[in-house]
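**Q** Would you mind keeping the following structure in view while I ask a few things?
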Amino acid sequence: MTREGRMRDSYRFARTPHWLAGHALAGALLIVFVIAGFWQLDRHNEQRDRNALATERQSARALDADRFFEAVADTETVALLEYRTVRLDVLSIDWPEAIQIRNRSLNGLAGCHLALPVEASGNLNGGPERPGVLVVAGWLPQSACDIAKPPGWAHNAAAVDAAGSIEGRIRLSQERGLLGPSDPPQGRLASLARTDVERIDQQTTLDLVPIYVELTSAAGGDGTHIALGDNAPDAGGAVLVTPLPPPALDAGPHLGYTLQWFSFAIVAIVGYTLVLRHQARKGESEEIADD
């Protein structure tokens, strides 16, 4: 028998039902690895594009109230506002309707976000003359979140209430995905699992626009800068709300995951080929021994 014939005979086992099932399983795993690799690569590219867009928007000139309210009145342009900076004149802050956004961490510490309905000067076309804007004043440690009115409440209120104008980062309202905690759809809530502007709007007297603003700076009526968070004047040991840092614009783990999944695919191809080759040589050895 020729060498080619012996090789064909040595791989006859690969056509048996047992091995055909193994081929199907190996092929299915290979397809899964490749699809997962390209999926992670797509996510890496999307993250890179989002970071570039966020950087561009954060460096853009701050929106004034008129341009801001004009943009939020158009549902097609609302999404284009995320990460832009807005400057608003404050008419009043509704502290009794303040709400906590629970399970929020800062620098590895557990806590919550403090969200405030703010009446801002401006005119929302087709809406109320004095629309409301949900402003996330910042982060509080968990010890302050566990009680209705944190020890620094009065100091926080005094600091923010003194603001004649605020500046902040525009963010889109958060929605629950397929997984994650949910909030009761009805009733007045003291805390929410996410910054869901539509849900918060149900329990406020102001008519909130469909986005929220993360407070970054504040100024008094005379334009004097108001120090917030750790930069605020001594509050007698009271807990002060800390403004939120800008969103992280790192590349994330997706490129590493891409390489990982493609590595799995290469290992699967090489490994399964070696298994087949080993089995074929084993069969050849057995035939020689029988001869």
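Here's how to read the names in the structure tokens: chain A, B, ... by the order shown, residue numbers from 1 in each chain, ligand numbers from 1 in the order shown.
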Would you please give, as a VMD selection string, all residues of region 12-258 of chain A that DSSP assigns to helix (DSSP H, G or I) based on the backbone?

**A** chain A and resid 12 to 15 17 to 58 65 to 72 78 to 81 95 to 97 142 to 145 153 to 161 197 to 201 229 to 231 254 to 258

**Q** List the neighbours of Ile166 (chain A) out to 9 Å using only C-alpha atoms; skip same-chain residues closer than 3 positions along the sequence, and give me the result as a list of chain:residue names.

**A**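 Neighbouring residues, sequence-local ones excluded: A:Val86, A:Arg87, A:Leu88, A:Asp89, A:Val90, A:Val160, A:Ala163, A:Leu215, A:Thr216, A:Ser217, A:Ala218, A:Ala219, A:Gly220.
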
**Q** Write a file of the just-selected residues containing N, CA and C atoms, as an mmCIF file, in the first residue's frame.

**A**
```cif
data_model
loop_
_atom_site.group_PDB
_atom_site.id
_atom_site.type_symbol
_atom_site.label_atom_id
_atom_site.label_comp_id
_atom_site.auth_asym_id
_atom_site.auth_seq_id
_atom_site.Cartn_x
_atom_site.Cartn_y
_atom_site.Cartn_z
ATOM 1 N N VAL A 86 -23.328 72.760 30.248
ATOM 2 C CA VAL A 86 -24.400 73.749 30.208
ATOM 3 C C VAL A 86 -24.262 74.678 31.410
ATOM 4 N N ARG A 87 -24.602 75.941 31.198
ATOM 5 C CA ARG A 87 -24.595 76.928 32.279
ATOM 6 C C ARG A 87 -26.018 77.435 32.466
ATOM 7 N N LEU A 88 -26.534 77.291 33.684
ATOM 8 C CA LEU A 88 -27.927 77.638 33.971
ATOM 9 C C LEU A 88 -28.007 78.608 35.142
ATOM 10 N N ASP A 89 -28.951 79.540 35.057
ATOM 11 C CA ASP A 89 -29.261 80.418 36.183
ATOM 12 C C ASP A 89 -30.310 79.727 37.049
ATOM 13 N N VAL A 90 -30.037 79.673 38.333
ATOM 14 C CA VAL A 90 -30.893 78.948 39.273
ATOM 15 C C VAL A 90 -31.916 79.895 39.886
ATOM 16 N N VAL A 160 -25.211 74.960 48.007
ATOM 17 C CA VAL A 160 -25.825 74.902 46.686
ATOM 18 C C VAL A 160 -26.911 75.961 46.542
ATOM 19 N N ALA A 163 -26.073 79.326 45.189
ATOM 20 C CA ALA A 163 -25.700 79.434 43.780
ATOM 21 C C ALA A 163 -26.710 80.270 43.012
ATOM 22 N N LEU A 215 -23.452 68.325 38.422
ATOM 23 C CA LEU A 215 -22.883 69.605 38.850
ATOM 24 C C LEU A 215 -21.358 69.565 38.849
ATOM 25 N N THR A 216 -20.753 70.555 38.207
ATOM 26 C CA THR A 216 -19.291 70.658 38.210
ATOM 27 C C THR A 216 -18.798 71.928 38.883
ATOM 28 N N SER A 217 -19.585 72.999 38.838
ATOM 29 C CA SER A 217 -19.184 74.237 39.505
ATOM 30 C C SER A 217 -20.415 75.090 39.757
ATOM 31 N N ALA A 218 -20.277 76.016 40.668
ATOM 32 C CA ALA A 218 -21.382 76.915 41.016
ATOM 33 C C ALA A 218 -20.834 78.290 41.326
ATOM 34 N N ALA A 219 -21.668 79.296 41.114
ATOM 35 C CA ALA A 219 -21.279 80.686 41.390
ATOM 36 C C ALA A 219 -22.438 81.394 42.064
ATOM 37 N N GLY A 220 -22.115 82.359 42.910
ATOM 38 C CA GLY A 220 -23.143 83.139 43.578
ATOM 39 C C GLY A 220 -23.797 84.119 42.620
#
```

**Q** Per DSSP on the backbone, what are the strand (DSSP E or B) residues of region 40-157 of chain A, as an NGL selection string?

**A** :A and (63 or 85-93 or 99-106 or 109-120 or 132-141)

**Q** The selected residues should be written to file as a compact mmCIF listing (two decimals), in the first residue's frame (atoms: C-alpha atoms).

**A**
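Everything below was put into out-v8.txt:
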```
# COMPACT_ATOMS: atom_id res chain seq x y z
CA LEU A 63 -24.36 75.91 26.20
CA THR A 85 -21.43 71.52 29.36
CA VAL A 86 -24.40 73.75 30.21
CA ARG A 87 -24.59 76.93 32.28
CA LEU A 88 -27.93 77.64 33.97
CA ASP A 89 -29.26 80.42 36.18
CA VAL A 90 -30.89 78.95 39.27
CA LEU A 91 -34.25 80.25 40.48
CA SER A 92 -34.82 77.70 43.24
CA ILE A 93 -33.80 74.25 44.45
CA ILE A 99 -33.70 61.92 45.94
CA GLN A 100 -30.82 59.52 46.37
CA ILE A 101 -29.43 57.32 43.60
CA ARG A 102 -28.25 54.34 45.61
CA ASN A 103 -25.26 52.01 45.22
CA ARG A 104 -22.85 54.52 43.71
CA SER A 105 -19.14 54.36 44.50
CA LEU A 106 -16.36 56.96 44.39
CA LEU A 109 -16.00 53.81 48.60
CA ALA A 110 -19.69 52.92 48.71
CA GLY A 111 -22.26 55.66 48.70
CA CYS A 112 -25.04 57.34 46.74
CA HIS A 113 -25.66 60.28 44.45
CA LEU A 114 -27.74 63.23 45.58
CA ALA A 115 -30.17 64.40 42.86
CA LEU A 116 -31.98 67.73 43.15
CA PRO A 117 -34.89 69.13 41.12
CA VAL A 118 -33.78 72.63 40.16
CA GLU A 119 -35.96 75.39 38.75
CA ALA A 120 -33.86 77.10 36.11
CA GLY A 132 -37.10 72.00 35.92
CA VAL A 133 -33.73 70.32 35.50
CA LEU A 134 -32.60 67.34 37.57
CA VAL A 135 -29.14 68.16 38.91
CA VAL A 136 -26.94 65.49 40.46
CA ALA A 137 -25.13 67.59 43.06
CA GLY A 138 -22.59 64.85 43.73
CA TRP A 139 -21.68 61.85 45.83
CA LEU A 140 -22.28 61.10 49.51
CA PRO A 141 -20.66 58.29 51.55
```

**Q** For Gly252 (chain A), which of A:Leu41, A:Leu25, A:Thr16, A:Ser59 is the closest residue, counting only C-alpha atoms?

**A** A:Leu41

**Q** CA of Leu80 (chain A) to CA of Val213 (chain A): how many Å, to one decimal?

**A** 14.1 Å

**Q** Select, from A:Leu189, A:Arg281, A:Tyr272, A:Glu76, the residue with the minimum atom-to-atom distance to His23 (chain A), counting only C-alpha atoms.

**A**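 Checking each candidate against His23 (chain A), we get A:Tyr272 as the closest.
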
**Q** I'd like the interatomic distance between CA of Leu249 (chain A) and CA of Arg48 (chain A), to a tenth of an Å.

**A** 8.5 Å

**Q** For Glu167 (chain A), which of A:Ala73, A:Ala62, A:Leu179, A:Ala268 is the closest residue, counting only C-alpha atoms?

**A** A:Ala62
